[in-house]
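Okay, work_33.cif now, which holds mmCIF, C-alpha atoms and all ligand atoms:
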data_coords
#
loop_
_atom_site.label_atom_id
_atom_site.label_comp_id
_atom_site.auth_asym_id
_atom_site.auth_seq_id
_atom_site.Cartn_x
_atom_site.Cartn_y
_atom_site.Cartn_z
CA MET Q 1 20.12 -17.05 -32.51
CA ILE Q 2 22.61 -16.09 -29.77
CA ASP Q 3 24.72 -18.69 -27.98
CA ASP Q 4 26.75 -16.46 -25.69
CA GLU Q 5 25.10 -16.47 -22.26
CA SER Q 6 26.58 -13.10 -21.20
CA CYS Q 7 25.15 -11.54 -24.34
CA LYS Q 8 21.73 -13.03 -23.57
CA LEU Q 9 21.94 -11.69 -20.00
CA ALA Q 10 22.88 -8.23 -21.29
CA LEU Q 11 19.99 -8.19 -23.79
CA GLY Q 12 17.67 -9.42 -21.04
CA ALA Q 13 18.97 -6.94 -18.46
CA ASN Q 14 15.59 -5.23 -18.26
CA LEU Q 15 13.65 -8.50 -18.00
CA GLY Q 16 12.05 -7.36 -14.73
CA TYR Q 17 10.31 -4.51 -16.57
CA TYR Q 18 8.31 -7.17 -18.41
CA HIS Q 19 8.17 -10.51 -16.63
CA ASP Q 20 10.01 -12.87 -14.29
CA ASP Q 21 10.73 -15.73 -16.71
CA PRO Q 22 12.58 -15.11 -20.00
CA TYR Q 23 11.28 -18.38 -21.44
CA GLU Q 24 7.64 -17.39 -20.92
CA LEU Q 25 7.94 -13.79 -22.17
CA SER Q 26 6.50 -12.95 -25.61
CA LEU Q 27 9.43 -12.13 -27.91
CA PRO Q 28 7.54 -9.62 -30.14
CA PHE Q 29 6.26 -7.75 -27.06
CA PHE Q 30 9.74 -7.67 -25.51
CA ALA Q 31 11.41 -6.76 -28.82
CA VAL Q 32 9.08 -3.82 -29.53
CA ALA Q 33 9.41 -2.38 -26.03
CA GLN Q 34 13.12 -3.11 -25.53
CA GLY Q 35 13.96 -2.05 -29.10
CA GLY Q 36 12.27 1.29 -28.46
CA TYR Q 37 14.28 1.68 -25.25
CA ILE Q 38 17.62 0.88 -26.91
CA ASP Q 39 16.86 3.01 -29.95
CA GLY Q 40 15.14 5.97 -28.26
CA GLY Q 41 16.53 6.02 -24.71
CA SER Q 42 14.85 6.65 -21.36
CA TYR Q 43 12.06 9.13 -20.77
CA TYR Q 44 10.05 10.17 -17.75
CA VAL Q 45 7.04 12.47 -17.54
CA ARG Q 46 8.60 15.75 -16.36
CA GLY Q 47 7.36 16.55 -12.87
CA GLY Q 48 6.03 13.01 -12.34
CA SER Q 49 3.24 11.02 -13.92
CA GLN Q 50 0.58 12.92 -11.92
CA ARG Q 51 1.28 15.87 -14.25
CA LEU Q 52 0.14 13.76 -17.21
CA SER Q 53 -3.03 12.71 -15.34
CA ASP Q 54 -3.70 16.34 -14.39
CA TYR Q 55 -3.33 17.40 -18.03
CA LEU Q 56 -5.76 14.71 -19.22
CA VAL Q 57 -8.22 15.82 -16.52
CA SER Q 58 -7.95 19.41 -17.80
CA LEU Q 59 -8.86 18.23 -21.32
CA ILE Q 60 -11.90 16.35 -20.00
CA GLU Q 61 -13.04 19.36 -17.97
CA GLU Q 62 -12.49 21.81 -20.85
CA ASN Q 63 -14.82 19.62 -22.90
CA GLY Q 64 -17.62 19.65 -20.33
CA GLY Q 65 -16.70 16.43 -18.53
CA ALA Q 66 -15.95 15.85 -14.86
CA VAL Q 67 -13.47 13.64 -13.01
CA ASP Q 68 -14.34 12.25 -9.58
CA CYS Q 69 -11.34 10.89 -7.68
CA GLY Q 70 -11.36 8.71 -4.56
CA ARG Q 71 -14.44 6.75 -5.54
CA LEU Q 72 -14.67 3.01 -5.96
CA VAL Q 73 -17.11 1.34 -8.37
CA SER Q 74 -18.93 -1.57 -6.73
CA ASP Q 75 -21.36 -2.55 -9.53
CA ILE Q 76 -21.62 -2.19 -13.28
CA HIS Q 77 -25.29 -2.39 -14.17
CA VAL Q 78 -26.69 -4.17 -17.24
CA ARG Q 79 -30.13 -3.78 -18.79
CA ASP Q 80 -31.23 -5.94 -21.74
CA GLY Q 81 -27.63 -7.02 -22.44
CA TRP Q 82 -26.29 -3.45 -22.55
CA VAL Q 83 -24.50 -1.60 -19.74
CA SER Q 84 -26.74 0.96 -18.12
CA GLY Q 85 -24.49 2.55 -15.48
CA ALA Q 86 -22.31 2.07 -12.44
CA THR Q 87 -22.69 2.40 -8.68
CA HIS Q 88 -19.80 4.01 -6.82
CA ALA Q 89 -19.01 5.34 -3.35
CA LYS Q 90 -16.14 6.99 -1.51
CA THR Q 91 -13.21 4.56 -1.57
CA TYR Q 92 -12.26 4.41 2.10
CA THR Q 93 -15.52 5.21 3.88
CA GLU Q 94 -17.93 3.55 1.39
CA THR Q 95 -20.23 6.53 1.98
CA ASP Q 96 -21.99 8.83 -0.49
CA GLU Q 97 -23.10 5.96 -2.75
CA GLN Q 98 -24.32 7.12 -6.16
CA THR Q 99 -25.41 5.44 -9.37
CA THR Q 100 -24.43 7.10 -12.65
CA GLN Q 101 -26.43 6.18 -15.75
CA ALA Q 102 -24.28 5.45 -18.81
CA ASN Q 103 -24.51 3.71 -22.14
CA SER Q 104 -20.77 3.06 -22.19
CA VAL Q 105 -18.58 2.02 -19.29
CA ILE Q 106 -14.80 1.83 -19.67
CA ALA Q 107 -13.26 -0.43 -17.05
CA ASN Q 108 -9.75 0.57 -16.00
CA ALA Q 109 -10.01 -1.73 -12.98
CA ALA Q 110 -8.39 -5.17 -13.17
CA VAL Q 111 -10.33 -7.39 -15.57
CA PRO Q 112 -10.59 -10.28 -13.02
CA THR Q 113 -12.12 -7.77 -10.58
CA VAL Q 114 -14.68 -6.71 -13.19
CA ALA Q 115 -15.59 -10.37 -13.72
CA GLU Q 116 -15.69 -11.40 -10.08
CA ASN Q 117 -16.96 -8.30 -8.27
CA LEU Q 118 -18.41 -5.67 -10.58
CA LEU Q 119 -20.62 -7.54 -13.05
CA ALA Q 120 -23.58 -9.61 -11.90
CA ASP Q 121 -24.10 -13.10 -13.35
CA PRO Q 122 -24.42 -14.35 -16.01
CA HIS Q 123 -22.21 -11.56 -17.42
CA GLY Q 124 -19.60 -11.81 -14.66
CA SER Q 125 -19.23 -15.56 -14.98
CA THR Q 126 -19.08 -15.33 -18.80
CA LEU Q 127 -16.16 -12.91 -18.52
CA ALA Q 128 -14.57 -15.03 -15.75
CA ALA Q 129 -14.75 -18.09 -18.03
CA GLU Q 130 -13.12 -16.15 -20.87
CA ILE Q 131 -10.11 -15.22 -18.74
CA SER Q 132 -9.99 -18.35 -16.56
CA ASP Q 133 -6.83 -19.75 -18.15
CA ARG Q 134 -4.92 -16.46 -18.17
CA ALA Q 135 -1.92 -16.14 -15.87
CA ILE Q 136 -1.21 -12.92 -13.94
CA ALA Q 137 2.15 -11.13 -14.14
CA PRO Q 138 4.34 -10.90 -11.03
CA SER Q 139 4.57 -7.90 -8.76
CA LEU Q 140 7.45 -5.65 -7.73
CA THR Q 141 9.01 -4.47 -4.51
CA THR Q 142 10.48 -0.99 -4.73
CA LEU Q 143 12.56 1.09 -2.37
CA TYR Q 144 11.88 4.76 -3.17
CA LEU Q 145 14.74 7.06 -2.21
CA VAL Q 146 15.39 10.78 -1.92
CA PHE Q 147 19.09 11.69 -2.15
CA GLU Q 148 21.06 14.73 -1.06
CA PRO Q 149 23.69 14.90 -2.52
CA THR Q 150 22.48 13.23 -5.71
CA PRO Q 151 23.83 9.95 -7.10
CA ALA Q 152 25.28 12.05 -9.95
CA ASP Q 153 27.28 13.99 -7.33
CA LEU Q 154 28.59 10.62 -6.13
CA GLY Q 155 29.73 9.74 -9.64
CA ASN Q 156 26.73 7.84 -11.04
CA GLU Q 157 26.28 8.43 -14.78
CA CYS Q 158 23.51 5.96 -15.62
CA TYR Q 159 19.73 6.23 -15.61
CA SER Q 160 19.32 2.50 -15.06
CA THR Q 161 21.82 0.20 -13.33
CA ILE Q 162 21.32 -3.54 -13.05
CA ILE Q 163 22.75 -4.91 -9.81
CA GLU Q 164 23.19 -8.52 -10.84
CA GLY Q 165 22.13 -11.32 -8.53
CA THR Q 166 24.58 -13.90 -7.26
CA ASP Q 167 25.00 -17.14 -9.24
CA ILE Q 168 23.43 -15.67 -12.37
CA ASP Q 169 25.57 -17.10 -15.17
CA THR Q 170 22.99 -18.08 -17.75
CA LEU Q 171 19.59 -16.84 -18.88
CA ALA Q 172 18.09 -19.97 -17.32
CA ASP Q 173 19.32 -18.82 -13.89
CA LEU Q 174 16.86 -15.91 -14.14
CA SER Q 175 13.85 -18.19 -14.41
CA ASP Q 176 14.51 -19.87 -11.07
CA THR Q 177 11.51 -20.21 -8.82
CA PRO Q 178 11.24 -19.68 -5.93
CA PRO Q 179 13.25 -16.49 -6.32
CA ALA Q 180 16.51 -15.91 -4.49
CA GLY Q 181 16.50 -13.82 -1.29
CA PHE Q 182 16.70 -10.03 -1.46
CA GLY Q 183 20.43 -10.24 -0.74
CA SER Q 184 21.13 -12.22 -3.88
CA ARG Q 185 18.46 -11.55 -6.50
CA ARG Q 186 18.74 -9.17 -9.45
CA LEU Q 187 17.91 -5.51 -8.68
CA THR Q 188 17.45 -2.44 -10.84
CA PHE Q 189 18.51 0.99 -9.59
CA VAL Q 190 16.94 3.94 -11.41
CA ASP Q 191 18.46 7.40 -10.96
CA TYR Q 192 15.76 9.83 -12.16
CA SER Q 193 18.19 12.76 -11.99
CA GLN Q 194 19.88 11.37 -15.13
CA VAL Q 195 16.83 12.38 -17.20
CA ALA Q 196 14.96 15.67 -17.00
CA ALA Q 197 12.39 14.21 -14.59
CA ASP Q 198 12.12 17.25 -12.32
CA LEU Q 199 11.01 15.11 -9.39
CA ALA Q 200 12.98 16.95 -6.70
CA PRO Q 201 14.21 20.47 -5.93
CA ASP Q 202 17.76 21.47 -6.92
CA GLY Q 203 20.41 19.58 -4.98
CA LYS Q 204 18.10 16.65 -4.24
CA SER Q 205 17.03 13.76 -6.45
CA VAL Q 206 14.73 10.74 -6.49
CA GLY Q 207 15.79 7.17 -7.13
CA ALA Q 208 14.29 3.70 -6.86
CA ILE Q 209 15.63 0.20 -6.31
CA THR Q 210 13.22 -2.35 -7.78
CA THR Q 211 13.03 -6.10 -7.91
CA VAL Q 212 10.49 -8.60 -9.19
CA ASP Q 213 8.52 -9.88 -6.22
CA TYR Q 214 5.47 -11.91 -5.25
CA HIS Q 215 2.41 -11.25 -3.13
CA ASN Q 216 2.74 -14.53 -1.22
CA ALA Q 217 6.23 -13.56 0.00
CA TRP Q 218 4.54 -10.98 2.23
CA CYS Q 219 1.51 -13.01 3.37
CA GLY Q 220 0.90 -14.55 6.79
CA LEU Q 221 2.76 -11.82 8.71
CA THR Q 222 1.41 -9.86 11.64
CA ASP Q 223 1.50 -6.10 11.23
CA PRO Q 224 4.70 -5.73 13.34
CA GLU Q 225 6.34 -8.63 11.42
CA TYR Q 226 5.38 -7.05 8.08
CA ARG Q 227 6.87 -3.72 9.17
CA ARG Q 228 10.03 -5.41 10.45
CA LYS Q 229 10.41 -7.28 7.16
CA LYS Q 230 9.94 -4.02 5.24
CA ASN Q 231 12.73 -2.38 7.28
CA ARG Q 232 15.01 -5.39 6.83
CA VAL Q 233 14.44 -5.60 3.06
CA GLY Q 234 14.95 -1.83 2.73
CA ASP Q 235 18.30 -2.13 4.52
CA VAL Q 236 19.41 -5.02 2.30
CA LEU Q 237 18.49 -3.20 -0.93
CA LEU Q 238 20.30 -0.05 0.21
CA ARG Q 239 23.38 -2.04 1.23
CA ARG Q 240 23.51 -3.59 -2.24
CA LEU Q 241 23.19 -0.16 -3.90
CA ASN Q 242 26.01 1.10 -1.69
CA GLU Q 243 28.24 -1.73 -2.93
CA VAL Q 244 27.99 -0.44 -6.52
CA LEU Q 245 27.68 3.26 -5.65
CA PRO Q 246 29.75 3.93 -2.50
CA GLY Q 247 28.32 6.73 -0.37
CA ALA Q 248 24.78 6.19 -1.66
CA SER Q 249 23.30 5.08 1.67
CA ASP Q 250 24.76 8.09 3.52
CA ALA Q 251 23.16 10.37 0.91
CA VAL Q 252 19.62 9.05 1.52
CA VAL Q 253 17.44 11.64 3.28
CA HIS Q 254 14.17 9.76 2.90
CA GLN Q 255 13.18 6.18 2.03
CA GLU Q 256 9.96 4.20 1.66
CA LEU Q 257 9.45 0.58 0.67
CA ALA Q 258 6.43 -0.49 -1.39
CA THR Q 259 5.65 -4.22 -1.47
CA PRO Q 260 3.18 -6.18 -3.64
CA HIS Q 261 0.65 -5.57 -0.85
CA THR Q 262 1.19 -1.80 -1.15
CA ILE Q 263 0.51 -1.96 -4.90
CA GLU Q 264 -2.59 -4.07 -4.30
CA ARG Q 265 -3.86 -1.59 -1.70
CA PHE Q 266 -3.43 1.46 -3.92
CA THR Q 267 -4.31 0.07 -7.37
CA HIS Q 268 -6.66 -2.78 -6.37
CA ASN Q 269 -4.76 -5.02 -8.78
CA PRO Q 270 -5.04 -8.66 -7.63
CA LEU Q 271 -1.81 -9.97 -6.05
CA GLY Q 272 -0.36 -6.48 -6.57
CA THR Q 273 0.53 -7.34 -10.16
CA ALA Q 274 2.40 -4.52 -11.91
CA TYR Q 275 1.42 -5.48 -15.47
CA GLY Q 276 -1.97 -7.23 -15.41
CA PHE Q 277 -2.05 -10.50 -17.33
CA ALA Q 278 1.42 -12.01 -17.79
CA PRO Q 279 3.01 -10.98 -21.11
CA THR Q 280 3.23 -14.49 -22.54
CA PRO Q 281 2.84 -15.12 -26.31
CA ASN Q 282 -0.87 -15.92 -26.05
CA GLN Q 283 -1.55 -12.98 -23.70
CA THR Q 284 0.10 -10.05 -25.49
CA LEU Q 285 -0.60 -7.69 -28.38
CA GLY Q 286 -3.68 -8.83 -30.38
CA ALA Q 287 -4.01 -12.05 -28.34
CA ARG Q 288 -4.62 -9.91 -25.25
CA GLU Q 289 -7.92 -8.55 -26.63
CA ILE Q 290 -10.82 -9.32 -24.31
CA GLU Q 291 -14.33 -9.80 -25.62
CA PRO Q 292 -16.61 -7.89 -23.20
CA SER Q 293 -19.48 -10.06 -22.04
CA VAL Q 294 -21.85 -7.08 -22.28
CA ASP Q 295 -22.47 -4.51 -25.02
CA GLY Q 296 -21.25 -1.03 -24.12
CA LEU Q 297 -18.54 -2.35 -21.77
CA HIS Q 298 -14.95 -1.55 -22.76
CA PHE Q 299 -11.55 -2.18 -21.22
CA ALA Q 300 -8.68 0.28 -21.21
CA SER Q 301 -5.73 -0.68 -19.05
CA ALA Q 302 -2.56 -2.68 -18.74
CA TRP Q 303 -4.81 -5.76 -18.63
CA SER Q 304 -6.10 -5.30 -22.16
CA SER Q 305 -4.37 -5.17 -25.55
CA PRO Q 306 -1.52 -4.47 -26.27
CA GLY Q 307 -0.08 -5.01 -22.76
CA GLY Q 308 1.28 -3.67 -19.50
CA GLY Q 309 3.38 -0.60 -18.80
CA PHE Q 310 2.66 3.07 -19.37
CA THR Q 311 2.83 2.77 -23.15
CA GLY Q 312 0.59 -0.30 -23.21
CA ALA Q 313 -2.01 1.31 -20.95
CA ILE Q 314 -1.98 4.55 -22.98
CA LEU Q 315 -2.31 2.71 -26.32
CA SER Q 316 -5.15 0.65 -24.89
CA GLY Q 317 -6.93 3.82 -23.74
CA ALA Q 318 -6.47 5.53 -27.10
CA LYS Q 319 -7.82 2.51 -28.97
CA THR Q 320 -10.85 2.32 -26.69
CA ALA Q 321 -11.49 6.05 -27.01
CA ARG Q 322 -11.50 5.75 -30.81
CA SER Q 323 -13.86 2.77 -30.70
CA LEU Q 324 -16.19 4.63 -28.33
CA THR Q 325 -17.17 7.41 -30.68
CA SER Q 326 -19.50 5.05 -32.54
CA ASP Q 327 -21.24 3.95 -29.28
CA VAL Q 328 -21.56 7.48 -28.02
CA GLY Q 329 -22.83 8.56 -31.42
CA THR Q 330 -25.49 5.84 -31.36
CA PHE Q 331 -26.89 7.13 -28.10
CA SER Q 332 -26.44 10.89 -28.46
C1 LIG Q 401 6.34 -0.24 -8.86
C2 LIG Q 401 5.95 -0.15 -10.31
C3 LIG Q 401 6.86 0.38 -11.22
C4 LIG Q 401 6.51 0.49 -12.58
N1 LIG Q 401 7.41 1.06 -13.43
C5 LIG Q 401 7.05 1.24 -14.72
C6 LIG Q 401 7.92 1.91 -15.63
O1 LIG Q 401 9.03 2.34 -15.26
N2 LIG Q 401 7.52 2.07 -16.90
C7 LIG Q 401 6.31 1.61 -17.34
O2 LIG Q 401 5.98 1.78 -18.51
N3 LIG Q 401 5.46 0.95 -16.51
C8 LIG Q 401 5.81 0.77 -15.22
N4 LIG Q 401 4.96 0.10 -14.36
C9 LIG Q 401 3.71 -0.44 -14.89
C10 LIG Q 401 2.68 0.67 -15.07
O3 LIG Q 401 2.68 1.49 -13.92
C11 LIG Q 401 1.29 0.04 -15.25
O4 LIG Q 401 1.31 -0.95 -16.27
C12 LIG Q 401 0.28 1.12 -15.63
O5 LIG Q 401 0.27 2.16 -14.67
C13 LIG Q 401 -1.10 0.52 -15.72
O6 LIG Q 401 -2.02 1.56 -15.93
P1 LIG Q 401 -3.56 1.26 -15.79
O7 LIG Q 401 -4.26 2.53 -16.10
O8 LIG Q 401 -3.90 0.04 -16.57
O9 LIG Q 401 -3.83 0.81 -14.29
P2 LIG Q 401 -3.44 1.42 -12.88
O10 LIG Q 401 -2.35 2.44 -13.01
O11 LIG Q 401 -3.28 0.23 -11.98
O12 LIG Q 401 -4.74 2.23 -12.48
C14 LIG Q 401 -5.95 1.60 -12.21
C15 LIG Q 401 -6.78 2.58 -11.42
O13 LIG Q 401 -8.09 2.06 -11.28
C16 LIG Q 401 -8.49 2.24 -9.94
N5 LIG Q 401 -9.52 1.24 -9.64
C17 LIG Q 401 -9.35 -0.09 -9.48
N6 LIG Q 401 -10.53 -0.67 -9.20
C18 LIG Q 401 -11.45 0.31 -9.19
C19 LIG Q 401 -12.88 0.37 -8.96
N7 LIG Q 401 -13.60 -0.73 -8.67
N8 LIG Q 401 -13.50 1.57 -9.01
C20 LIG Q 401 -12.81 2.71 -9.29
N9 LIG Q 401 -11.46 2.73 -9.52
C21 LIG Q 401 -10.82 1.54 -9.47
C22 LIG Q 401 -7.24 2.07 -9.13
O14 LIG Q 401 -7.37 2.67 -7.85
C23 LIG Q 401 -6.23 2.79 -10.01
O15 LIG Q 401 -6.18 4.16 -9.75
C24 LIG Q 401 5.27 -0.01 -13.01
C25 LIG Q 401 4.36 -0.55 -12.10
C26 LIG Q 401 4.70 -0.63 -10.77
C27 LIG Q 401 3.70 -1.21 -9.79
#
Representation of the structure as structure tokens:
Amino acid sequence: MIDDESCKLALGANLGYYHDDPYELSLPFFAVAQGGYIDGGSYYVRGGSQRLSDYLVSLIEENGGAVDCGRLVSDIHVRDGWVSGATHAKTYTETDEQTTQANSVIANAAVPTVAENLLADPHGSTLAAEISDRAIAPSLTTLYLVFEPTPADLGNECYSTIIEGTDIDTLADLSDTPPAGFGSRRLTFVDYSQVAADLAPDGKSVGAITTVDYHNAWCGLTDPEYRRKKNRVGDVLLRRLNEVLPGASDAVVHQELATPHTIERFTHNPLGTAYGFAPTPNQTLGAREIEPSVDGLHFASAWSSPGGGFTGAILSGAKTARSLTSDVGTFS
């Protein structure tokens, strides 16, 4: 409907929050999320997203439940076609293995991991077959920054700033693969001090420079090479921020780069994907529903319907929670 390429680029400015290729991205998914952003503005959980998790934990505990952190599930057990529990141990030491009996298991782990590692056959292979033709969304590389003085003190007035890549004249230029180098690809700078995020004490603020990235761009490196590349990429991203916000690099008091490998290590998401299955038309909203291969197994995450991102994961969890009451009722 729109011929003007600059207009398309402006409307697709936040493409990296959804996918790497505008021609593959589901329009309804993009329109709902981007429309909400344009209409409602930017929001951030005040104090950081851990505050939201802590609040949800408090609700669980107030209602007689318990939350065990730092434990990794290695097996979801099935008896007579119905889940019967899960075995889990301490994440890093693999010690203190325990099996918890349960009639319902909600998997927040990546769905391919559930299929390949957590469910025994034939249930694992049934689930693997169901998702075998699904593509996985790309990852992100992010430079996290602490500023003093803040970007606002330096004159920044925007929550989100797109630092356009070189040679990006048309929407088609954004779908180029392999991606351009870090010196010339599109970046997003987010200044959390522009919203009431409360992520830093007075006088300081937190920001992030993010770009779509890929797991394989960081493979095959020795540890020293990986660290050197991280330093180099961090310097390039900061230099590019400084070009649009002079003085920014001098104001940085702390910086840390997270690569697709970092995301994979902390979230166990394959290839460090940020959004689970790619948000293509046949993998978003209702089409993203996954039929569990076992009764009593549920999914609640960015991988399941309606899609990736905080909102998608929260909606998925709420839907699963509502559907659970009948299961729990059956067995209480
Ligand atoms: C750098 C980055 C920036 C982002 N920015 C935004 C943003 O600005 N806005 C937005 O809406 N979304 C953003 N996203 C996407 C958003 O963070 C995710 O879509 C969302 O957090 C997914 O939530 P989830 O609960 O599905 O999974 P996750 O947050 O990935 O949590 C899964 C949890 O399960 C645990 N786990 C995995 N396997 C096991 C196992 N076997 N046993 C026990 N535990 C296990 C993991 O350790 C992890 O804690 C961003 C993502 C990244 C990586």
From (-2.1, 5.6, -2.9), in the file's coordinates, out to 12 Å: which residues are reached, counting only C-alpha atoms? Answer as a ChimeraX atom specification. /Q:50,69-70,91-92,258,261-268
Do a neighbour search on Q:Glu116 at 12 Å with only C-alpha atoms, toss out local chain neighbours closer than 2 positions, and write the hits as a list of chain:residue names.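 The residues that qualify are Q:Ser74, Q:Asp75, Q:Ile76, Q:Ala109, Q:Ala110, Q:Val111, Q:Pro112, Q:Thr113, Q:Val114, Q:Leu118, Q:Leu119, Q:Ala120, Q:Asp121, Q:Pro122, Q:His123, Q:Gly124, Q:Ser125, Q:Thr126, Q:Leu127, Q:Ala128, Q:Ala129, Q:Ile131, Q:Ser132, Q:Pro270.
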Under the rule that only C-alpha atoms and all ligand atoms are counted, which of Q:Asn231, Q:Asn269, Q:Gln255, Q:Thr166 is the nearest residue to ligand LIG 401 (chain Q)? Q:Asn269
How would you report the residues lying within 6 Å of ligand LIG 401 (chain Q), as a PyMOL selection string, if you count only C-alpha atoms and all ligand atoms? chain Q and resi 71-74+108-109+140+142+263+266-268+274-275+301-302+308-311+313
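We find atom CA of Q:Glu164 and atom CA of Q:Arg185 to be spaced 7.1 Å apart.
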Distance query Q:Gly276 at most 6 Å, all atoms listed in the file, self and fewer than 3 positions along chain excluded, as a PyMOL selection string: chain Q and resi 136-137+273+302-303
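Using only C-alpha atoms, the nearest neighbour of Q:Ala33 within the list Q:Lys319, Q:Lys229, Q:Gly307, Q:Ala248 is Q:Gly307.
For the pair atom CA of Q:Asp68 and atom CA of Q:Thr95, the interatomic distance is 14.2 Å.
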Quick one: residues within 8 Å of Q:Thr320, all atoms listed in the file counted, chain neighbours fewer than 2 positions away excluded, as a list in words?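 Here the qualifying residues turn out to be His298, Phe299, Ala300, Ser316, Gly317, Ala318, Arg322, Ser323 and Leu324 of chain Q.
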Only C-alpha atoms, please: the residues just picked out, written as a compact mmCIF listing (two decimals), in the coordinates of the input.
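What ended up in result-v9.txt:
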# COMPACT_ATOMS: atom_id res chain seq x y z
CA HIS Q 298 -14.95 -1.55 -22.76
CA PHE Q 299 -11.55 -2.18 -21.22
CA ALA Q 300 -8.68 0.28 -21.21
CA SER Q 316 -5.15 0.65 -24.89
CA GLY Q 317 -6.93 3.82 -23.74
CA ALA Q 318 -6.47 5.53 -27.10
CA ARG Q 322 -11.50 5.75 -30.81
CA SER Q 323 -13.86 2.77 -30.70
CA LEU Q 324 -16.19 4.63 -28.33
Each residue of stretch 11-113 of chain Q lying at most 9 Å from stretch 205-223 of chain Q should get a row with its shortest atom-to-atom pair and the distance in Å to one decimal, counting all atoms listed in the file; could you produce that, ordered by chain and increasing number, as JSON lines?
{"residue": "Q:Gly16", "atom": "CA", "partner": "Q:Val212", "partner_atom": "CA", "distance": 5.9}
{"residue": "Q:Tyr17", "atom": "CA", "partner": "Q:Val212", "partner_atom": "CA", "distance": 8.4}
{"residue": "Q:His19", "atom": "CA", "partner": "Q:Val212", "partner_atom": "CA", "distance": 8.0}
{"residue": "Q:Asp20", "atom": "CA", "partner": "Q:Val212", "partner_atom": "CA", "distance": 6.7}
Please return as a PyMOL selection string every residue within 12 Å of (22.0, -17.4, -26.0), taking into account all atoms listed in the file and the file's own coordinates. chain Q and resi 1-12+22-23+169-172
So which one's closest to Q:Thr87, Q:Leu27, Q:Ala278, Q:Val236, Q:Ala102? Using only C-alpha atoms, please.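 Comparing Q:Leu27, Q:Ala278, Q:Val236, Q:Ala102 against Q:Thr87, the winner is Q:Ala102.
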Which residue gives the smallest distance to Q:Arg227 among Q:Thr259, Q:Leu241, Q:Val190, Q:Val78, with only C-alpha atoms counted? Q:Thr259
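Nearest residue to Q:Gln283, choosing from Q:His88, Q:Asp191, Q:Asn63, Q:Pro306 and counting all atoms listed in the file: Q:Pro306.
Nearest to Q:Leu297 of all the residues Q:Ala197, Q:Leu315, Q:Leu187, Q:Val83 is Q:Val83, counting all atoms listed in the file.
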Q:Phe147 environment, 6 Å, all atoms listed in the file, sequence neighbours closer than 6 positions dropped, as a PDB file with C-alpha atoms, keeping the file's coordinate frame:
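Once written, result28.pdb looks like this:
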ATOM      1  CA  LYS Q 204      18.100  16.650  -4.240  1.00  0.00           C
ATOM      2  CA  SER Q 205      17.030  13.760  -6.450  1.00  0.00           C
ATOM      3  CA  ALA Q 251      23.160  10.370   0.910  1.00  0.00           C
ATOM      4  CA  VAL Q 252      19.620   9.050   1.520  1.00  0.00           C
ATOM      5  CA  VAL Q 253      17.440  11.640   3.280  1.00  0.00           C
TER       6      VAL Q 253
END
Could you write stretch 63-71 of chain Q as a PDB file, in the coordinates of the input, with N, CA, C and O atoms rebuilt where they are missing?
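File written: result-v5.pdb
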ATOM      1  N   ASN Q  63     -13.802  20.095 -21.961  1.00  0.00           N
ATOM      2  CA  ASN Q  63     -14.820  19.620 -22.900  1.00  0.00           C
ATOM      3  C   ASN Q  63     -16.128  19.255 -22.206  1.00  0.00           C
ATOM      4  O   ASN Q  63     -16.931  18.474 -22.721  1.00  0.00           O
ATOM      5  N   GLY Q  64     -16.322  19.806 -21.008  1.00  0.00           N
ATOM      6  CA  GLY Q  64     -17.620  19.650 -20.330  1.00  0.00           C
ATOM      7  C   GLY Q  64     -17.731  18.397 -19.489  1.00  0.00           C
ATOM      8  O   GLY Q  64     -18.805  18.086 -18.969  1.00  0.00           O
ATOM      9  N   GLY Q  65     -16.648  17.637 -19.348  1.00  0.00           N
ATOM     10  CA  GLY Q  65     -16.700  16.430 -18.530  1.00  0.00           C
ATOM     11  C   GLY Q  65     -16.305  16.711 -17.100  1.00  0.00           C
ATOM     12  O   GLY Q  65     -15.976  17.850 -16.745  1.00  0.00           O
ATOM     13  N   ALA Q  66     -16.342  15.692 -16.257  1.00  0.00           N
ATOM     14  CA  ALA Q  66     -15.950  15.850 -14.860  1.00  0.00           C
ATOM     15  C   ALA Q  66     -15.178  14.599 -14.447  1.00  0.00           C
ATOM     16  O   ALA Q  66     -15.430  13.506 -14.969  1.00  0.00           O
ATOM     17  N   VAL Q  67     -14.246  14.775 -13.524  1.00  0.00           N
ATOM     18  CA  VAL Q  67     -13.470  13.640 -13.010  1.00  0.00           C
ATOM     19  C   VAL Q  67     -13.675  13.593 -11.507  1.00  0.00           C
ATOM     20  O   VAL Q  67     -13.470  14.586 -10.817  1.00  0.00           O
ATOM     21  N   ASP Q  68     -14.117  12.441 -11.009  1.00  0.00           N
ATOM     22  CA  ASP Q  68     -14.340  12.250  -9.580  1.00  0.00           C
ATOM     23  C   ASP Q  68     -13.272  11.302  -9.053  1.00  0.00           C
ATOM     24  O   ASP Q  68     -13.285  10.128  -9.416  1.00  0.00           O
ATOM     25  N   CYS Q  69     -12.379  11.779  -8.215  1.00  0.00           N
ATOM     26  CA  CYS Q  69     -11.340  10.890  -7.680  1.00  0.00           C
ATOM     27  C   CYS Q  69     -11.789  10.324  -6.329  1.00  0.00           C
ATOM     28  O   CYS Q  69     -12.723  10.822  -5.718  1.00  0.00           O
ATOM     29  N   GLY Q  70     -11.097   9.265  -5.887  1.00  0.00           N
ATOM     30  CA  GLY Q  70     -11.360   8.710  -4.560  1.00  0.00           C
ATOM     31  C   GLY Q  70     -12.709   8.035  -4.452  1.00  0.00           C
ATOM     32  O   GLY Q  70     -13.321   8.021  -3.387  1.00  0.00           O
ATOM     33  N   ARG Q  71     -13.173   7.482  -5.573  1.00  0.00           N
ATOM     34  CA  ARG Q  71     -14.440   6.750  -5.540  1.00  0.00           C
ATOM     35  C   ARG Q  71     -14.216   5.370  -6.128  1.00  0.00           C
ATOM     36  O   ARG Q  71     -13.481   5.218  -7.109  1.00  0.00           O
TER      37      ARG Q  71
END
